[in-house]
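Engineer: Provided herewith is a single structure, encoded as structure tokens, for subsequent inquiry.
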Amino acid sequence: MTQPPQPPPNDPPQGGFGAPQDPPPGGFGAPQDPPPGGFGAPTPPPADPFGKQPATPPPPAPGGYGSPPPAGPPQQQPGYGYPQDQPPTQPGYGFPQQAPPQGGPQQPSGYGFPPGQAPQQGYGFPPGQPTQQGYGYPTAPMQQPYQPPQPGGNGPKKFSTQSQIIVAAVVAVALIIGGGVWFASSGGDGDKKKDEASTSAGTTGENKGGSGSSLGGGGKEKAPANIKAQVGFQLPQPKVTDVTTVAGSWLTDKAYVKTGVNEVVGYDLAKGTKLWSIPLDGQLCAASRYMSKDFKTAVAFEEGKRSAANKYPTCNQVGALDLNTGKLLWSKSVTASTGGDRPVRFDEITLSGTTIAAGGTEGGAAFDLNTGAERWKPKVSTDGCYDKGYGGGEALAVVRKCGTYDDPQLVIQALNPTTGAPLSSYKMPPGVDYASIVSTKPLVVAADVGDTAGDGSGISDFFSIDASSGKLLTRIAADGEKYAASCRATKVESCQHLAVGNNRIYVPTEEHEGTGEYGNTNEIVSFDLTTGKPTSDRADAGDRYSMFPVRMDGGNIIAYKEPPYDKGGQVVSIDGGTFKQTVLMDNPGDESVRDAETSFSSDYAEYIYGNGKLYISETMVSKPRESSLDDKEYLVVSFSTS
């Protein structure tokens with residue numbers, strides 16, 4: 001897991017979360033200093049949607065990331081992450097040794113999707129080192145096979161005819177008995193056998209929390225007749241003079257909605273033409289990843305427009321947006337119950353049901369989505385505790401911070417969304433300065449305990465909590481060198497590249513060498529939220545692709561595959577029961593299109609897929625550097641198969 005250090009909340013950004021990076025020429029996985037026209041790619045199409053002229057492709061340049069290495073001695077063993085000649089002596093790479101029991105229910109909604117329609121956005125774990133076994137692949141411990149003594153100087157001895165007859169008879173009896181036992185136990189039913197295998201991997205329960213064939217299915221996303229995608233539309237980045245947050249994107253049945261500068265804009269799903277605009281008093285500073293079933297959502301924005309005299313107005317305005325009509329329903333600020341007329345500053349905002357909850361270092365407040373009526377506001381606390389931030393979706397939970405700056409104590413509470421009353425509480429272990437809510441139903445929390453993650457990902461452990469009792473079900477240690485999920489330390493609801501569903505947490509592994517001549521790959525694997533144990537789930541990205549979960553779709557996982565230097569990205573649906581992948585979208589591999597698609601850093605971009613359309617957008621924009629004035633920079637790039 002990799003992620004750069006984050007700026008303090010509401011301080012002027014230092015380079016900015018999600019600020020545009022200078023991607024390597026040719027996009028992700030492209031060789032350094034590539035010659036124009038790509039590496040042996042076919043002649044680009046006559047009509048280039050990104051305006052580049054066709055170029056005659058020269059021969060490949062040697063070296064460089066993602067390019068074939070120069071000829072060398074043959075490899076002595078297969079690529080990293082694949083079985084070697086010797087079997088393992090302990091579980092596969094990145095899987096836990098032990099975890100306590102008990103377990104939880106369903107899955108939350110995804111970024112920009114209403115609850116109940118598209119579960120938790122996709123945005124990993126326990127100790128154990130690989131011993132020549134597949135990367136991230138769960139296995140049971142195995143003993144080294146028996147090695148027969150090496151033959152002596154007289155050479156190997158042959159079986160006598162009598163010995164051969166005896167051995168053949170023993171083998172035949174064993175096969176008959178074994179076959180009878182297998183047939184009796186399987187009942188001739190392959191699915192049942194698969195269920196038993198999944199259960200032995202530590203998965204129990206029923207349907208969305210169950211095992212084998214009871215998992216998966218129920219998704220709305222289906223493969224089209226033609227999976228080859230076309231470029232939908234592209235929106236250029238707005239002109240700004242400083243680092244500017246543009247986080248927030250949503251998909252309704254009528255519009256793709258994206259944050260702009262001092263506004264939120266609805267675009268035609270296919271053409272990208274502007275349908276409506278909601279002007280704001282200041283720049284948006286936080287946006288809920290959830291919508292209500294009637295396409296309403298929540299935002300927080302600055303109290304005024306930026307100017308030379310006031311570069312960073314306070315983020316103290318809360319508002320509700322109707323994304324069907326393109327209207328601001330209401331906006332307001334709130335003062336603390338300690339008195340005074342200074343509005344409370346907020347760092348983040350979320351939505352659960354009809355409750356908007358906003359939090360920050362000055363405490364939390366909640367409002368009715370439809371009317372704006374206050375449900376609670378920051379309160380005086382004798383113990384110095386305050387609501388740092390909330391997690392929304394199907395339920396509402398809070399990270400409550402107590403203690404001092406040098407010795408904080410965090411408490412995770414499931415809340416009544418109408419009153420704010422705690423339904424349960426779980427005290428995080430010592431050494432946790434920040435915690436992030438991964439999902440609220442089931443309640444899963446990520447934290448960097450004792451700053452041991454070591455990679456800036458904000459995750460060293462995941463905590464699966466019983467929301468009804470506050471009891472810890474299991475704690476799963478996350479190894480930052482093996483898993484690629486991440487959470488912003490200072491934001492409670494900011495985790496990405498993972499998804500929660502089927503009583504499991506789905507995470508991508510870090511990239512590693514593939515089986516091909518060159519290029520990296522990775523996998524998506526899962527862990528049981530009741531036991532903390534790895535499951536048998538494993539989806540391979542394929543050579544030179546890397547993948548991560550985007551969101552749940554019923555019991556299936558929607559994932560995005562980042563492409564190599566000579567192909568386009570893909571969207572796949574992974575069946576939650578069989579883990580079979582179905583390609584939903586295969587994007588063009590033309591150089592200019594690929595460059596646009598890979599100009600986004602997946603750590604700082606939003607990915608929304610629905611109904612055959614993919615939208616990739618920035619979360620932060622900044623003033624272009626002189627060296628990049630001629631480069632096209634996009635706010636949004638979309639693809640479509642429909």
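FYI, nothing fancy with the structure tokens labels: chains A, B, ... in order, residues from 1 per chain, ligands from 1 as they appear.
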Write out as a count of residues only the set of residues from segment 426-522 of chain A that DSSP, computed on the backbone, places in strand (DSSP E).

Structural biologist: 36

Engineer: Compile a residue-level contact table for segment 548-569 of chain A against segment 585-590 of chain A at a cut-off of 6 Å, reporting for every qualifying residue the shortest atom pair and its distance in Å to one decimal, with only C-alpha atoms counted, rows ordered by chain and ascending number, as CSV.

Structural biologist:
residue,atom,partner,partner_atom,distance
A:Lys567,CA,A:Gly589,CA,4.1
A:Gly568,CA,A:Gly589,CA,4.3
A:Gly569,CA,A:Asn587,CA,5.3

Engineer: With C-alpha atoms retained, write the just-selected residues as a short mmCIF file (atom, residue, chain, number, x, y, z; two decimals), in the first residue's frame.

Structural biologist:
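Below you can see selection.cif, which holds the result:
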data_model
loop_
_atom_site.label_atom_id
_atom_site.label_comp_id
_atom_site.auth_asym_id
_atom_site.auth_seq_id
_atom_site.Cartn_x
_atom_site.Cartn_y
_atom_site.Cartn_z
CA LYS A 567 -3.63 -1.82 -24.45
CA GLY A 568 -6.72 -0.16 -23.00
CA GLY A 569 -8.18 -0.69 -19.55
#

Engineer: For the atom pair atom CA of Thr440 of chain A and atom CA of Ala298 of chain A, what is the interatomic distance in Å to one decimal place?

Structural biologist: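 A separation of 17.8 Å between them.
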
Engineer: Hey, what's within 6 Å of Ala395 of chain A if we count only C-alpha atoms and toss same-chain stuff fewer than 2 positions away? As a list in words, please?

Structural biologist: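 Non-adjacent residues within range: Ser352, Gly392, Gly393 and Thr440 of chain A.
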
Engineer: To one decimal in Å, tell me the separation between atom CA of Ala366 of chain A and atom CA of Arg400 of chain A.

Structural biologist: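 Straight-line distance from atom CA of Ala366 of chain A to atom CA of Arg400 of chain A works out to 14.6 Å.
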
Engineer: I'd like to know which of A:Tyr518, A:Tyr386, A:Tyr609, A:Tyr506 is closest to Leu410 of chain A, using only C-alpha atoms.

Structural biologist: A:Tyr386

Engineer: Write out as a ChimeraX atom specification which residues come within 9 Å of Pro429 of chain A when counting only C-alpha atoms, dropping same-chain ones fewer than 3 positions away.

Structural biologist: /A:409-410,432,449

Engineer: Quick check, in Å to one decimal: how far apart do atom CA of Ser642 of chain A and atom CA of Ala223 of chain A lie?

Structural biologist: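 So the two atoms, atom CA of Ser642 of chain A and atom CA of Ala223 of chain A, lie 10.7 Å apart.
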
Engineer: Would you pick out the contacts of Lys305 of chain A at 9 Å or less, using only C-alpha atoms, so that residues sharing its chain but fewer than 3 positions from it are not included, and give the list as a list in words?

Structural biologist: Asn262, Leu280, Asp281, Gly282, Gln283, Glu302, Asn310, Lys311, Tyr312 and Pro313 of chain A

Engineer: I want to know what sits within 6 Å of Val398 of chain A, based on only C-alpha atoms, with residues of the same chain fewer than 3 positions away left out; could you give that as a ChimeraX atom specification?

Structural biologist: /A:389-390,412-413
